[in-house]
Structure formats: structure tokens, C-alpha cells
There are 2 protein chains.
Amino acid sequence: MKILFNQVGLIGVGLIGGSLGLAIRRKKLACRVIGFGRNKHNLVWAIQNGLIDDKACSLHKMAGECDLLVLSTPVQTIQNFLPLLARWAKPGTIIMDVGSTKEQIVKTADRLIKKPLFFIGAHPMAGKEMGGAKEAQDNLFEGTTCILTPSSNNAAGPLGRIKELWQRVGCNVVIEDPHKHDRFVAAVSHLPQMSSYALMTAVSRLVPRQKIPIIAGSGFRDTTRLAGSPADMWVDICETNHFFLSRALKNYQKELTFLENAIRKKKRGELKKYFKRARKKKLLAGK
Amino acid sequence: MKILFNQVGLIGVGLIGGSLGLAIRRKKLACRVIGFGRNKHNLVWAIQNGLIDDKACSLHKMAGECDLLVLSTPVQTIQNFLPLLARWAKPGTIIMDVGSTKEQIVKTADRLIKKPLFFIGAHPMAGKEMGGAKEAQDNLFEGTTCILTPSSNNAAGPLGRIKELWQRVGCNVVIEDPHKHDRFVAAVSHLPQMSSYALMTAVSRLVPRQKIPIIAGSGFRDTTRLAGSPADMWVDICETNHFFLSRALKNYQKELTFLENAIRKKKRGELKKYFKRARKKKLLAGK
């Protein structure tokens, strides 16, 4: 199998960045993977555990040396890094982000990153509630979908290489418009996250703390799993996707209001119809 | 290990009844397990697959022959069976239900089931979203909690035997007042179920059907898992626990309203605090 990149630079070596580094190295998709991040201890750990080959001396130097730069930090930080990379990257470099919202990032990138540089937005639909490099896995992406969001500055060559990169780490790659991406993930990914945070909070208001571990079963465990996610990342996602997420939350609340009303008034027929329909939708979703 | 019962009669051989039958037989906790239910094919399948030894000729005969009768049907049906068992069970028999709400059932049982019969309410916090005997597993209860709800007609002997039964199929047994049981499970079990039904419905209104399987990741899968649950069982639970569940739903909606508002107004600080607190609660819950 051919090597896709000479040197990959990861800006942010957490769960996603670290897993990508690990997968790239194990599958020999690049000659070298280097990492940049705030936390030196984390980078040393990442070297020792094979997530990256080395750490970058500086972002400036790294940007000028790599043919693929991967932004895998919270979304707002990605936006802050883009002007620096636009200035420092060498001609031909592909800059890719792996943030969970795409419209704002692609807009910023469109403005800043011009040929002979290339920008491609990516959103691998993979993750675990626990973030951090220590949770990285080389098979994190296997069997998942990676959404690529084209920007106006997209050449077929770079897009093809990025597509192949994600496919070779195990993803099913789909191309989506950044605006539609944000609208859909608001519902499919960000709304479940909010439902989980709110559920965990509501339950802990309703039940004495020491009772929860005793009574809770697998339903509680799974519906609140995402509440274990790191806060910073989600604050950024909420901010950049506030329009669609707020709309999705309002829709969700409408459904809950319907259920609450039907339960209070003991409308068995309506509840049964609702549950059956939801069940059918879940089975159709196949996930 | 000693045999706990001579003959166990299961009224309803679905996921819970069937799994209990399987576990009792595998662990030799009773000499014989017989089953009663509406669907003959299901009972034949249950015999062929070792869930029960035989099917009962009639409820009347079964009630008079067993020293443990287990009601494992939807909650309303449990209520309908209690007067019949009160009339037909032989002296010394323990009648136990495994329904998900307890206050109404225990009240009915208190009224109907008198010495020399015994009644004990049980709620094993185990299950899978897919119901039915075909999903039965002999290890379904292992590592889970079973809540026993005492009624006024509780002797130490029968309670001890029931406690041992659940412990020997792998449960951690706790005793709880039926009223408190319903209040707590409304939050920890029934609210997550409603959140899942509503989430599945909202998402399928917001995203084209064919996009969901492509975009959805493990967060969506887990938060909507419960939406695959059978409707009938949940209609009964909603009806019998309407007071506490409606209250829990209102609490949940308050949390969502807070989040929607903070997201719309981009209150980063408030969101961060909220997410951090929820995360801490999730980690403390240990589940």
C-alpha cells in the first residue's frame, strides 16, 4: 500500500488526534507523525505510546515541514490556529480539521487558506465519552463514518488523498455540504449529548446520590453515557452550532411535552402509538 | 446447594420470565419450572430451548400445584391475575411479581393475598430493549440489582427464600418501600426510556431517514437504544407510575430549557459549569 504523506503534523494530541496518529503509524500511511500541544507531559506520553514519532519544536517549524496538518483541538481553537497555518504552511500542504461543527470553520478556512494551500474539513463520527490521548485507539475509526465537507478551495488531488486516508483507517467516507452537516449533526450527535447531560442532572436531582448506583441499570448507563464527555469541547460545539442545536432542542422538548401530557392524562392509546412509531424508527435506523 | 422450590410456575414467559426460568433450571434452584401464557407456540419454543420444563394445562391447575408463582407479564396484566391466584394458589405458596412499578401492585396484593399465602414484589433491574422469550439469557440477572418491595403480608421465611433465589441468579438484592421504589425508578429507569423514545422521534423529524444510519455514531446508538423496547410494557408502566414519571419529565424539561436558553444566548460560562457538574455526577454514579 502506498504512503500517502511524508510528514503529518497533529495540532492537538487528544482522543481523536492521538487515535489518528496511532492508526497512521500502524498502517504506515505516512513516513512520520509529529505532534504539537500545550501539555508537554501529554506529548511525551504520546511518543512513548506510539501515537506520534516526535513532538514539534514549534508550531511555526511544524507548519513549514508537514504536507498534512491536522487540527484536532476544540472548535474555537481550530479557528484560532487557521490564520497561523495559512501563514506558515509550505505550498502544497493540506490543512484538515476534525472538528464537530463545520460551517464556521469552512467559512474561516475559505477566507484564509488559498492555493497553493488546501483545506478540507473532516468530521469522523467516532469518539468515546472519555477524551484524552490515553483513550486513543488505533481502531477508533473502524466501521465509522467520516464526513468530509468541501470548501471552495478544493482540488481533486488533495480531496482524493484525504478520502483515502480516512478509508484506510477504516471509515466509510461521505461528502456533505458544511451547512447541512451542521444541521444533521445537531440532531444526530449534539442533541443526544445535551439529552444525556440534562438527564444525568435531572436524575441526580430526583434520586439520592447513594441510591443511583444501586438502582440504575443498563438503560440509565447508556442514556447518560455521554454525560461523561469533556466540557470544553462541548461548549465550543454549542457555540458554533447554536442555531441548529437550539432548534433541535426545541423539537425534542415538543416531543417530551407530548409524552408528559399523555402520561399525566393516561392516554394509553396515544402512548402506545407513539412508542410503536419510535420503535419502528429505531429499527429502521439500524443503529 | 439446596433446592429452593419444588415447582415454579411462570405466568408470562417473555424476556424476564424466560430468563428467570432458564437460570432457575441451569442452577437447579427448583425441581421443575412450568410456564403459562397466551401464545402456545411461544411456550413450545420455551420448552424446546430449556426455559421451562413444561407448559401448564391451565392457570387454575398451575396455581394449585406450585410453591412459587411468578407474575412476569406487563403490569396491568399482573393486577388482573392477582385475584385469580389469590383464589387458586395452595396454602404456603409465594406469589411474586417482577413488574417495573410496585406501589399499585403491592396495594392490590395487600388487599387480596392473605396468609397462608405470601406476596413479595420484585423488580429485577435487568432487561434488554428487545423483549420476548427468544431474547432470554440465563445470565441476564448477573451483576444487576433486584429490588424487593415488602408488603404488609411478609413473613421472614418467604422473604428469605425469595432473597436467596435472586442472589443465586446473580443479583444484588435490596429492600425498598414500594412508594419510594416507584419514585426512584421513575427517574432512573422510566425517564431514560421516555428520553429515548422522544429523542428517536425528534431526530427522525429533523434528519432525512436515509441519512441517519450514515451519520449516526455510538452516541446516537446508545441514547436511543431504549426506543427499541416493546410498547405494551411501557404503556402499562406509564399508567401505573404516571404521577412520578410526569414529575420526572417536568424536571427533565426544566434542565433542557436551561440548556436551550444558554445555547441560544451563547452563555459559555454557564454551559461549561453545567457540563462539568453533569460529568462529575456521571462519574460519581459509577454507572
# chains A, B, ... in the order shown; residues from 1 in each chain; ligands from 1

$ calpha_fit_rmsd --fixed "chain B" --moving "chain A"
0.0 Å

$ residues_around --residues "Asn241 in chain A" --least-positions-apart "3" --cutoff "12 Å" --atoms "only C-alpha atoms" --output "JSON, numbers by chain"
{"A": [75, 76, 99, 100, 101, 102, 103, 104, 105, 178, 179, 180, 181, 182, 183, 184, 185, 186, 187, 189, 190, 191, 234, 235, 236, 237, 238, 244, 245, 246, 247, 248, 249], "B": [260, 263, 264, 265, 266]}

$ write_last_selection --atoms "C-alpha atoms" --output "PDB file, in the first residue's frame"
ATOM      1  CA  VAL A  75     -13.603  24.002  17.546  1.00  0.00           C
ATOM      2  CA  GLN A  76     -12.813  27.540  18.711  1.00  0.00           C
ATOM      3  CA  GLY A  99     -13.966  19.430  14.474  1.00  0.00           C
ATOM      4  CA  SER A 100     -17.575  18.513  15.182  1.00  0.00           C
ATOM      5  CA  THR A 101     -19.103  21.579  13.542  1.00  0.00           C
ATOM      6  CA  LYS A 102     -18.135  22.592  10.064  1.00  0.00           C
ATOM      7  CA  GLU A 103     -19.870  25.676   8.680  1.00  0.00           C
ATOM      8  CA  GLN A 104     -17.942  28.321  10.627  1.00  0.00           C
ATOM      9  CA  ILE A 105     -14.606  26.546  10.218  1.00  0.00           C
ATOM     10  CA  PRO A 178     -20.966  22.134   5.646  1.00  0.00           C
ATOM     11  CA  HIS A 179     -24.321  23.806   6.318  1.00  0.00           C
ATOM     12  CA  LYS A 180     -26.243  20.540   6.003  1.00  0.00           C
ATOM     13  CA  HIS A 181     -23.562  18.769   8.025  1.00  0.00           C
ATOM     14  CA  ASP A 182     -24.170  21.112  10.959  1.00  0.00           C
ATOM     15  CA  ARG A 183     -27.931  20.774  10.661  1.00  0.00           C
ATOM     16  CA  PHE A 184     -27.829  16.968  10.645  1.00  0.00           C
ATOM     17  CA  VAL A 185     -25.217  16.500  13.362  1.00  0.00           C
ATOM     18  CA  ALA A 186     -27.107  18.957  15.585  1.00  0.00           C
ATOM     19  CA  ALA A 187     -29.849  16.317  15.651  1.00  0.00           C
ATOM     20  CA  SER A 189     -24.914  13.895  17.604  1.00  0.00           C
ATOM     21  CA  HIS A 190     -25.240  17.181  19.531  1.00  0.00           C
ATOM     22  CA  LEU A 191     -28.843  16.699  20.664  1.00  0.00           C
ATOM     23  CA  TRP A 234     -18.947  20.708  24.043  1.00  0.00           C
ATOM     24  CA  VAL A 235     -19.029  24.387  24.969  1.00  0.00           C
ATOM     25  CA  ASP A 236     -17.341  25.108  21.633  1.00  0.00           C
ATOM     26  CA  ILE A 237     -19.717  22.863  19.733  1.00  0.00           C
ATOM     27  CA  CYS A 238     -22.724  24.519  21.386  1.00  0.00           C
ATOM     28  CA  PHE A 244     -29.327  24.242  14.739  1.00  0.00           C
ATOM     29  CA  LEU A 245     -28.799  22.814  18.207  1.00  0.00           C
ATOM     30  CA  SER A 246     -31.243  25.216  19.807  1.00  0.00           C
ATOM     31  CA  ARG A 247     -33.770  24.298  17.137  1.00  0.00           C
ATOM     32  CA  ALA A 248     -33.192  20.594  17.711  1.00  0.00           C
ATOM     33  CA  LEU A 249     -33.620  21.041  21.463  1.00  0.00           C
TER      34      LEU A 249
ATOM     35  CA  GLU B 260     -31.547  25.607  25.198  1.00  0.00           C
ATOM     36  CA  ILE B 263     -27.006  27.738  23.978  1.00  0.00           C
ATOM     37  CA  ARG B 264     -29.177  30.282  22.178  1.00  0.00           C
ATOM     38  CA  LYS B 265     -27.626  33.109  24.174  1.00  0.00           C
ATOM     39  CA  LYS B 266     -24.104  31.609  23.881  1.00  0.00           C
TER      40      LYS B 266
END

$ select_by_dssp --residues "range 47-261 of chain B" --states "strand (DSSP E)" --output "ChimeraX atom specification"
/B:54-55,68-71,94-97,118-124,145-149,172-175

$ write_last_selection --atoms "C-alpha atoms" --output "compact mmCIF listing (two decimals), in the first residue's frame"
# COMPACT_ATOMS: atom_id res chain seq x y z
CA ASP B 54 -43.36 -27.95 30.58
CA LYS B 55 -46.36 -25.78 29.92
CA LEU B 68 -43.71 -20.25 43.78
CA LEU B 69 -45.82 -18.35 41.24
CA VAL B 70 -44.02 -15.66 39.26
CA LEU B 71 -46.05 -12.98 37.51
CA ILE B 94 -45.34 -17.50 47.48
CA ILE B 95 -46.68 -15.20 44.79
CA MET B 96 -44.09 -12.86 43.31
CA ASP B 97 -44.33 -10.34 40.53
CA PHE B 118 -47.47 -14.80 50.71
CA PHE B 119 -46.80 -11.99 48.31
CA ILE B 120 -43.46 -10.38 47.51
CA GLY B 121 -42.93 -7.70 44.89
CA ALA B 122 -39.68 -7.88 42.96
CA HIS B 123 -38.14 -5.65 40.36
CA PRO B 124 -35.00 -7.04 38.76
CA THR B 145 -29.76 -5.23 41.31
CA CYS B 146 -33.10 -6.75 42.27
CA ILE B 147 -35.34 -4.54 44.39
CA LEU B 148 -37.75 -6.35 46.69
CA THR B 149 -40.69 -4.35 47.95
CA ASN B 172 -27.53 -7.80 44.42
CA VAL B 173 -30.77 -7.68 46.45
CA VAL B 174 -32.02 -4.51 48.10
CA ILE B 175 -35.25 -3.90 50.01

$ residues_around --residues "Leu4 in chain B" --least-positions-apart "2" --cutoff "9 Å" --atoms "only C-alpha atoms" --output "list of chain:residue names"
B:Lys2, B:Asn6, B:Lys28, B:Leu29, B:Ala30, B:Cys31, B:Arg161, B:Ile162, B:Glu164, B:Leu165

$ write_last_selection --atoms "N, CA and C atoms" --output "PDB file, in the first residue's frame"
ATOM      1  N   LYS B   2     -28.765 -26.009  48.030  1.00  0.00           N
ATOM      2  CA  LYS B   2     -30.097 -26.572  48.241  1.00  0.00           C
ATOM      3  C   LYS B   2     -31.110 -26.067  47.205  1.00  0.00           C
ATOM      4  N   ASN B   6     -40.058 -26.445  45.019  1.00  0.00           N
ATOM      5  CA  ASN B   6     -40.413 -27.695  44.370  1.00  0.00           C
ATOM      6  C   ASN B   6     -40.804 -27.414  42.928  1.00  0.00           C
ATOM      7  N   LYS B  28     -30.373 -25.253  39.044  1.00  0.00           N
ATOM      8  CA  LYS B  28     -31.114 -26.242  39.835  1.00  0.00           C
ATOM      9  C   LYS B  28     -31.650 -25.640  41.141  1.00  0.00           C
ATOM     10  N   LEU B  29     -32.366 -24.529  41.007  1.00  0.00           N
ATOM     11  CA  LEU B  29     -32.948 -23.875  42.179  1.00  0.00           C
ATOM     12  C   LEU B  29     -34.353 -24.391  42.463  1.00  0.00           C
ATOM     13  N   ALA B  30     -34.909 -25.146  41.507  1.00  0.00           N
ATOM     14  CA  ALA B  30     -36.233 -25.747  41.697  1.00  0.00           C
ATOM     15  C   ALA B  30     -36.240 -27.097  40.979  1.00  0.00           C
ATOM     16  N   CYS B  31     -37.152 -27.991  41.413  1.00  0.00           N
ATOM     17  CA  CYS B  31     -37.227 -29.300  40.754  1.00  0.00           C
ATOM     18  C   CYS B  31     -37.806 -29.149  39.363  1.00  0.00           C
ATOM     19  N   ARG B 161     -36.376 -16.773  51.324  1.00  0.00           N
ATOM     20  CA  ARG B 161     -36.240 -17.692  50.180  1.00  0.00           C
ATOM     21  C   ARG B 161     -36.177 -16.909  48.863  1.00  0.00           C
ATOM     22  N   ILE B 162     -37.004 -15.870  48.762  1.00  0.00           N
ATOM     23  CA  ILE B 162     -37.013 -15.049  47.535  1.00  0.00           C
ATOM     24  C   ILE B 162     -35.698 -14.293  47.404  1.00  0.00           C
ATOM     25  N   GLU B 164     -32.854 -15.274  48.522  1.00  0.00           N
ATOM     26  CA  GLU B 164     -31.835 -16.251  48.106  1.00  0.00           C
ATOM     27  C   GLU B 164     -31.971 -16.592  46.624  1.00  0.00           C
ATOM     28  N   LEU B 165     -33.220 -16.715  46.162  1.00  0.00           N
ATOM     29  CA  LEU B 165     -33.449 -17.009  44.734  1.00  0.00           C
ATOM     30  C   LEU B 165     -32.749 -15.971  43.851  1.00  0.00           C
TER      31      LEU B 165
END

$ select_by_dssp --residues "range 112-143 of chain B" --states "helix (DSSP H, G or I)" --output "number ranges by chain"
B: 112, 133-135

$ residues_around --residues "Asp53 in chain B" --least-positions-apart "2" --cutoff "6 Å" --atoms "only C-alpha atoms" --output "PDB file with N, CA and C atoms, in the first residue's frame"
ATOM      1  N   VAL B  33     -39.901 -26.251  36.485  1.00  0.00           N
ATOM      2  CA  VAL B  33     -40.412 -24.922  36.130  1.00  0.00           C
ATOM      3  C   VAL B  33     -41.459 -25.101  35.036  1.00  0.00           C
ATOM      4  N   ILE B  34     -42.669 -24.637  35.296  1.00  0.00           N
ATOM      5  CA  ILE B  34     -43.676 -24.707  34.237  1.00  0.00           C
ATOM      6  C   ILE B  34     -44.124 -23.299  33.850  1.00  0.00           C
ATOM      7  N   ILE B  47     -40.063 -24.561  25.883  1.00  0.00           N
ATOM      8  CA  ILE B  47     -39.730 -25.925  26.336  1.00  0.00           C
ATOM      9  C   ILE B  47     -38.518 -26.440  25.554  1.00  0.00           C
TER      10      ILE B  47
END

$ residues_around --residues "Glu142 in chain A" --least-positions-apart "2" --cutoff "12 Å" --atoms "only C-alpha atoms" --output "MDAnalysis selection string"
(chainID A and resid 19:20 23 124:127 137:140 144:146 166:173) or (chainID B and resid 217)

$ write_last_selection --atoms "C-alpha atoms" --output "PDB file, in the first residue's frame"
ATOM      1  CA  SER A  19      -6.044   7.799  17.548  1.00  0.00           C
ATOM      2  CA  LEU A  20      -5.420   9.141  14.068  1.00  0.00           C
ATOM      3  CA  ALA A  23      -3.632   4.484  13.074  1.00  0.00           C
ATOM      4  CA  PRO A 124     -15.035  11.466  11.918  1.00  0.00           C
ATOM      5  CA  MET A 125     -18.195  10.267  13.697  1.00  0.00           C
ATOM      6  CA  ALA A 126     -16.134   8.385  16.234  1.00  0.00           C
ATOM      7  CA  GLY A 127     -15.365   9.046  19.832  1.00  0.00           C
ATOM      8  CA  GLN A 137      -7.058   3.531  19.953  1.00  0.00           C
ATOM      9  CA  ASP A 138      -5.727   2.669  16.520  1.00  0.00           C
ATOM     10  CA  ASN A 139      -9.106   1.106  15.637  1.00  0.00           C
ATOM     11  CA  LEU A 140     -11.258   4.013  16.873  1.00  0.00           C
ATOM     12  CA  THR A 144     -17.469   4.574  11.478  1.00  0.00           C
ATOM     13  CA  THR A 145     -18.436   7.317   9.062  1.00  0.00           C
ATOM     14  CA  CYS A 146     -16.191  10.260   8.280  1.00  0.00           C
ATOM     15  CA  TRP A 166      -9.878   8.062   6.193  1.00  0.00           C
ATOM     16  CA  GLN A 167     -10.797   4.973   4.234  1.00  0.00           C
ATOM     17  CA  ARG A 168      -7.527   3.322   5.136  1.00  0.00           C
ATOM     18  CA  VAL A 169      -8.096   3.943   8.855  1.00  0.00           C
ATOM     19  CA  GLY A 170     -11.430   2.174   8.470  1.00  0.00           C
ATOM     20  CA  CYS A 171     -14.018   4.877   7.729  1.00  0.00           C
ATOM     21  CA  ASN A 172     -16.903   4.999   5.356  1.00  0.00           C
ATOM     22  CA  VAL A 173     -16.369   8.431   3.777  1.00  0.00           C
TER      23      VAL A 173
ATOM     24  CA  GLY B 217     -22.365   7.268  15.764  1.00  0.00           C
TER      25      GLY B 217
END

$ closest_residue --among "B:Trp45, B:Phe141, B:Phe220, B:Phe258" --to "chain A" --atoms "only C-alpha atoms"
B:Phe220

$ closest_residue --among "B:Ser195, B:Gln7, B:Thr73, B:Gln79" --to "Asp222 in chain A" --atoms "only C-alpha atoms"
B:Ser195

$ closest_residue --among "A:Gly143, A:Gly64, A:Pro158, A:Gly12" --to "chain B" --atoms "only C-alpha atoms"
A:Gly143

$ residues_around --residues "Leu199 in chain B" --least-positions-apart "4" --cutoff "9 Å" --atoms "only C-alpha atoms" --output "short mmCIF file (atom, residue, chain, number, x, y, z; two decimals) with C-alpha atoms, in the first residue's frame"
data_model
loop_
_atom_site.label_atom_id
_atom_site.label_comp_id
_atom_site.auth_asym_id
_atom_site.auth_seq_id
_atom_site.Cartn_x
_atom_site.Cartn_y
_atom_site.Cartn_z
CA ALA A 187 -29.85 16.32 15.65
CA LEU A 191 -28.84 16.70 20.66
CA PRO A 192 -28.11 13.24 22.16
CA SER A 195 -30.14 14.95 26.34
CA TYR A 252 -37.05 17.45 21.39
CA GLU A 255 -41.87 15.51 21.94
CA LEU A 256 -41.34 15.38 25.69
CA ALA A 278 -40.48 5.35 17.78
CA MET B 194 -39.07 8.33 27.67
CA SER B 195 -35.99 10.39 26.78
CA VAL B 203 -34.14 13.05 15.34
CA SER B 204 -36.23 11.36 12.70
CA THR B 223 -29.06 7.29 23.76
CA THR B 224 -31.80 5.89 21.50
CA ALA B 227 -36.55 3.25 21.84
#
